[in-house]
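Asks: Got a structure for you, questions after.
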Amino acid sequence: MTFDINCEYSHDVDGYPVLDVHVEDKHGSVVLPVHVKTITTMDNPKTRKGEGKGYMTIGVPLSPHKTSGEGNACTNATKTCIRNCLDVQGIGSIFKRIHAYRAAKTWLYYNRRALFYDMVLQDIERAARKAKRDNVKLACRPNMFSDIAHERSREGIKFLERVPRECQLYDYTKHHYRFDNFNRLDEFGYHLTYSHAEKRESITDDILNRGHNVAVVFNHQNDDFPTSWRNHPVISGDDSDLRFLDRSGGYVIGLRMKYATLDSAHDMIRSGFAVTVPGCTPLVEA
C-alpha cells in the first residue's frame, strides 16, 4: 500500500500548528485536520515488549523517506527498504489518519524545528514523571520510521544536551558515519545499532569489526535461527526493542523478517535485504 501525502499549514492554536493533511491511496483521498500537540507515542507493539524488562518506551513516529512531501527523513535508505517500510505494515496499511499524524509531525520537524524538539523534550519529561511513579525505567527511540541524525544539527545537539539522563535514547540507523561519533553520542545516553541493508556487506563488516552491533533481517523461522553470520555471533533482537541492553562487541542482532504480502517478502529475499543462511529453515521459500 502506498500513500500520497501533502501537508498545508492552516493556523496555530495555543502555539501549536494545525495542518490540513491530504492523504490519498488507491481507495480514495481525504483531507484531515491535524492539531500537533504531542510528538511521541507509546502505542507500538515492538517497543511495548520492553515492559517485561522494566522499561517504558516512547518513540517519535515520523513519515519515512520522502513520504511526507516535506523532506527526506531517511537519506541513506535503500530501494528495498523504501518499498517494504514498516510504516505501511500492520494498521499503517489501513488507516489514513495514522499517516496524517506522522506527516504533520514531520512537517513540524522541517518547518519549526526548535518547537519540534521542545515538544519532544516536553513529552520525555512527562514520560519520565510517569516512569518514576510506575517504578520503571524510561527509554526513547527518536526514529521509529525515520533515520534522522539528530546530532548533525544545532537544534538537535541542544535537544540531546537537554534530555534527562534517566532517559535512555536509542536508535537503529543506516548512516554508518554516525559511528565515528559513537563516544560522543554515548555521553548523551544515545545508543545506536547499525541496520544492515542489501549490497552493503563491506560497511556491515567494518561496523562489526569496530565492535559495534549490527541488526540484520533474517528469512528464518524462530526455531531455526542462524547462530552466526559473517563470522560474528547472532543473538535474537525480537524479544524486545531495547538494543542498548544487548551484549556489545560486534554482535549480529537477528530480526525475523516481517512482511505485509508474499510479494514483499520475495522482494526482500531476492534483493538480499532479508538474509537467507544455508542450513536454516527459511520463513518464506525464495
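Please note that chains go A, B, ... in the order of the C-alpha cells, that every chain numbers its residues from 1, and that ligands are numbered from 1 in the order shown.
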Please provide as a compact mmCIF listing (two decimals) with C-alpha atoms, in the first residue's frame all residues within 7 Å of Ile5 in chain A, with the sequence filter that same-chain residues fewer than 5 positions apart are discarded (counting only C-alpha atoms).

Replies:
# COMPACT_ATOMS: atom_id res chain seq x y z
CA VAL A 21 -3.16 16.89 5.59
CA HIS A 22 -4.21 15.45 2.24
CA VAL A 23 -3.83 11.66 2.17
CA GLU A 24 -4.58 9.60 -0.92
CA THR A 67 6.54 10.27 2.04
CA SER A 68 5.55 13.42 3.96
CA GLY A 69 6.33 15.68 0.99

Asks: Show me, as number ranges by chain, the residues that have an atom within 8 Å of Val284 in chain A when counting only C-alpha atoms, minus same-chain residues fewer than 6 positions from it.

Replies: A: 219-220, 265-266

Asks: Could you pull the residues within 12 Å of range 204-212 of chain A, counting only C-alpha atoms, minus those fewer than 3 positions along the same chain, as a PyMOL selection string?

Replies: chain A and resi 172-180+182-183+191-201+215-216+229-234+243-244+246-253

Asks: List the spatial neighbours of Phe145 in chain A as a list in words - criterion: any atom at most 9 Å away, only C-alpha atoms, same-chain residues fewer than 2 positions off excluded.

Replies: Val60, Pro61, Leu62, Ser63, Pro64, His65, Ala73, Cys74, Cys85, Leu86, Asp87, Asn143 and Asp147 of chain A

Asks: Using the chain letters and numbers from this document, which residues of range 203-247 of chain A does DSSP assign to strand (DSSP E or B), as a PyMOL selection string?

Replies: chain A and resi 214-218+228-229+232-236

Asks: For the residues in the current selection, export C-alpha atoms as a PDB file, in the first residue's frame.

Replies:
ATOM      1  CA  VAL A 214      24.508  -4.659  13.554  1.00  0.00           C
ATOM      2  CA  ALA A 215      20.838  -5.541  13.139  1.00  0.00           C
ATOM      3  CA  VAL A 216      20.198  -7.996  10.299  1.00  0.00           C
ATOM      4  CA  VAL A 217      16.846  -9.173   8.941  1.00  0.00           C
ATOM      5  CA  PHE A 218      16.856 -12.948   8.501  1.00  0.00           C
ATOM      6  CA  SER A 228      26.488 -16.887  13.329  1.00  0.00           C
ATOM      7  CA  TRP A 229      26.768 -14.711  10.230  1.00  0.00           C
ATOM      8  CA  HIS A 232      30.080 -12.955  14.079  1.00  0.00           C
ATOM      9  CA  PRO A 233      27.698 -14.478  16.635  1.00  0.00           C
ATOM     10  CA  VAL A 234      23.971 -13.878  16.189  1.00  0.00           C
ATOM     11  CA  ILE A 235      21.693 -13.009  19.108  1.00  0.00           C
ATOM     12  CA  SER A 236      17.950 -12.511  18.837  1.00  0.00           C
TER      13      SER A 236
END

Asks: To one decimal place, how far is CA of Leu138 in chain A from CA of Gly189 in chain A in Å?

Replies: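 Taking CA of Leu138 in chain A and CA of Gly189 in chain A, their separation equals 11.8 Å.
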
Asks: Using CA of Glu151 in chain A and CA of Ala128 in chain A as the two end points, give the distance in Å to one decimal.

Replies: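 Between CA of Glu151 in chain A and CA of Ala128 in chain A the gap works out to 21.9 Å.
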
Asks: Apply DSSP to the structure's backbone, then extract all residues of range 1-123 of chain A labelled alpha helix (DSSP H) and return them as a PyMOL selection string.

Replies: chain A and resi 79-83+96-111+113-123

Asks: Grab the residues selected above and save them as an mmCIF file, in the first residue's frame with N, CA and C atoms.

Replies:
data_model
loop_
_atom_site.group_PDB
_atom_site.id
_atom_site.type_symbol
_atom_site.label_atom_id
_atom_site.label_comp_id
_atom_site.auth_asym_id
_atom_site.auth_seq_id
_atom_site.Cartn_x
_atom_site.Cartn_y
_atom_site.Cartn_z
ATOM 1 N N LYS A 79 16.585 0.986 -1.850
ATOM 2 C CA LYS A 79 15.326 0.851 -2.586
ATOM 3 C C LYS A 79 14.407 -0.187 -1.956
ATOM 4 N N THR A 80 14.996 -1.302 -1.503
ATOM 5 C CA THR A 80 14.175 -2.350 -0.895
ATOM 6 C C THR A 80 13.594 -1.886 0.429
ATOM 7 N N CYS A 81 14.384 -1.159 1.186
ATOM 8 C CA CYS A 81 13.920 -0.617 2.463
ATOM 9 C C CYS A 81 12.738 0.320 2.234
ATOM 10 N N ILE A 82 12.832 1.162 1.227
ATOM 11 C CA ILE A 82 11.761 2.114 0.919
ATOM 12 C C ILE A 82 10.488 1.376 0.509
ATOM 13 N N ARG A 83 10.646 0.348 -0.337
ATOM 14 C CA ARG A 83 9.469 -0.371 -0.834
ATOM 15 C C ARG A 83 8.758 -1.160 0.259
ATOM 16 N N LYS A 96 -5.671 5.993 7.106
ATOM 17 C CA LYS A 96 -5.061 7.215 6.590
ATOM 18 C C LYS A 96 -4.684 8.171 7.714
ATOM 19 N N ARG A 97 -5.470 8.186 8.789
ATOM 20 C CA ARG A 97 -5.206 9.134 9.862
ATOM 21 C C ARG A 97 -3.836 8.917 10.494
ATOM 22 N N ILE A 98 -3.394 7.677 10.565
ATOM 23 C CA ILE A 98 -2.064 7.388 11.105
ATOM 24 C C ILE A 98 -1.003 8.130 10.307
ATOM 25 N N HIS A 99 -1.114 8.070 8.990
ATOM 26 C CA HIS A 99 -0.119 8.727 8.135
ATOM 27 C C HIS A 99 -0.267 10.241 8.170
ATOM 28 N N ALA A 100 -1.485 10.712 8.383
ATOM 29 C CA ALA A 100 -1.689 12.161 8.509
ATOM 30 C C ALA A 100 -0.958 12.693 9.731
ATOM 31 N N TYR A 101 -1.067 12.008 10.848
ATOM 32 C CA TYR A 101 -0.387 12.446 12.068
ATOM 33 C C TYR A 101 1.126 12.359 11.927
ATOM 34 N N ARG A 102 1.623 11.283 11.334
ATOM 35 C CA ARG A 102 3.068 11.163 11.144
ATOM 36 C C ARG A 102 3.581 12.258 10.218
ATOM 37 N N ALA A 103 2.830 12.556 9.164
ATOM 38 C CA ALA A 103 3.238 13.593 8.224
ATOM 39 C C ALA A 103 3.225 14.965 8.885
ATOM 40 N N ALA A 104 2.221 15.232 9.718
ATOM 41 C CA ALA A 104 2.129 16.523 10.390
ATOM 42 C C ALA A 104 3.313 16.731 11.331
ATOM 43 N N LYS A 105 3.708 15.696 12.028
ATOM 44 C CA LYS A 105 4.866 15.795 12.917
ATOM 45 C C LYS A 105 6.153 15.992 12.109
ATOM 46 N N THR A 106 6.225 15.359 10.944
ATOM 47 C CA THR A 106 7.384 15.528 10.075
ATOM 48 C C THR A 106 7.427 16.964 9.533
ATOM 49 N N TRP A 107 6.269 17.516 9.193
ATOM 50 C CA TRP A 107 6.191 18.921 8.762
ATOM 51 C C TRP A 107 6.761 19.828 9.840
ATOM 52 N N LEU A 108 6.427 19.548 11.087
ATOM 53 C CA LEU A 108 6.907 20.362 12.193
ATOM 54 C C LEU A 108 8.429 20.279 12.297
ATOM 55 N N TYR A 109 8.999 19.087 12.104
ATOM 56 C CA TYR A 109 10.459 18.945 12.155
ATOM 57 C C TYR A 109 11.131 19.811 11.097
ATOM 58 N N TYR A 110 10.590 19.824 9.891
ATOM 59 C CA TYR A 110 11.240 20.561 8.810
ATOM 60 C C TYR A 110 10.932 22.058 8.811
ATOM 61 N N ASN A 111 9.823 22.458 9.393
ATOM 62 C CA ASN A 111 9.406 23.850 9.299
ATOM 63 C C ASN A 111 9.487 24.621 10.609
ATOM 64 N N ARG A 113 11.612 23.546 13.598
ATOM 65 C CA ARG A 113 12.451 22.540 14.250
ATOM 66 C C ARG A 113 12.652 22.799 15.735
ATOM 67 N N ALA A 114 12.850 24.053 16.126
ATOM 68 C CA ALA A 114 13.046 24.341 17.548
ATOM 69 C C ALA A 114 11.818 23.946 18.353
ATOM 70 N N LEU A 115 10.630 24.253 17.836
ATOM 71 C CA LEU A 115 9.391 23.855 18.504
ATOM 72 C C LEU A 115 9.268 22.341 18.543
ATOM 73 N N PHE A 116 9.619 21.681 17.450
ATOM 74 C CA PHE A 116 9.575 20.215 17.392
ATOM 75 C C PHE A 116 10.379 19.609 18.537
ATOM 76 N N TYR A 117 11.637 20.046 18.691
ATOM 77 C CA TYR A 117 12.481 19.474 19.738
ATOM 78 C C TYR A 117 11.979 19.846 21.125
ATOM 79 N N ASP A 118 11.458 21.057 21.283
ATOM 80 C CA ASP A 118 10.887 21.443 22.573
ATOM 81 C C ASP A 118 9.737 20.512 22.954
ATOM 82 N N MET A 119 8.910 20.170 21.964
ATOM 83 C CA MET A 119 7.768 19.304 22.227
ATOM 84 C C MET A 119 8.211 17.881 22.549
ATOM 85 N N VAL A 120 9.226 17.383 21.851
ATOM 86 C CA VAL A 120 9.746 16.049 22.169
ATOM 87 C C VAL A 120 10.288 16.034 23.593
ATOM 88 N N LEU A 121 11.004 17.098 23.961
ATOM 89 C CA LEU A 121 11.554 17.182 25.305
ATOM 90 C C LEU A 121 10.438 17.224 26.348
ATOM 91 N N GLN A 122 9.376 17.975 26.076
ATOM 92 C CA GLN A 122 8.234 18.011 26.996
ATOM 93 C C GLN A 122 7.620 16.624 27.156
ATOM 94 N N ASP A 123 7.506 15.891 26.042
ATOM 95 C CA ASP A 123 6.966 14.530 26.102
ATOM 96 C C ASP A 123 7.854 13.624 26.950
#

Asks: Can you tell me which residues surround Pro142 in chain A at a distance of at most 9 Å, considering only C-alpha atoms, apart from same-chain residues fewer than 6 positions away, and format the answer as a ChimeraX atom specification?

Replies: /A:40,58-61,120,148,150,169-171

Asks: For C-alpha atoms, I'd like the residues from the last selection saved as a CSV table (one decimal), in the first residue's frame.

Replies:
chain,number,residue,atom,x,y,z
A,40,THR,CA,5.9,10.9,20.9
A,58,ILE,CA,8.3,6.1,23.9
A,59,GLY,CA,9.1,6.8,20.3
A,60,VAL,CA,8.9,9.5,17.6
A,61,PRO,CA,6.9,8.3,14.7
A,120,VAL,CA,9.7,16.0,22.2
A,148,ILE,CA,17.5,11.5,11.2
A,150,HIS,CA,19.9,14.4,15.4
A,169,LEU,CA,17.9,7.2,23.9
A,170,TYR,CA,18.4,4.5,21.2
A,171,ASP,CA,18.0,4.0,17.5

Asks: Using only C-alpha atoms, which residue out of A:Leu245, A:Leu19, A:Ala127, A:Ala286 lies closest to Cys140 in chain A?

Replies: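 Of A:Leu245, A:Leu19, A:Ala127, A:Ala286, the one nearest Cys140 in chain A is A:Ala127, counting only C-alpha atoms.
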
Asks: For Thr57 in chain A, please output as a ChimeraX atom specification all residues within 9 Å (counting only C-alpha atoms; exclusion window: fewer than 3 positions along the same chain).

Replies: /A:41-42,47-51,127,137-141,242

Asks: Nearest to Asp239 in chain A: which of A:Thr227, A:Thr261, A:Asn222, A:Ser29 is it, counting only C-alpha atoms?

Replies: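 Among the listed residues, A:Asn222 lies closest to Asp239 in chain A.
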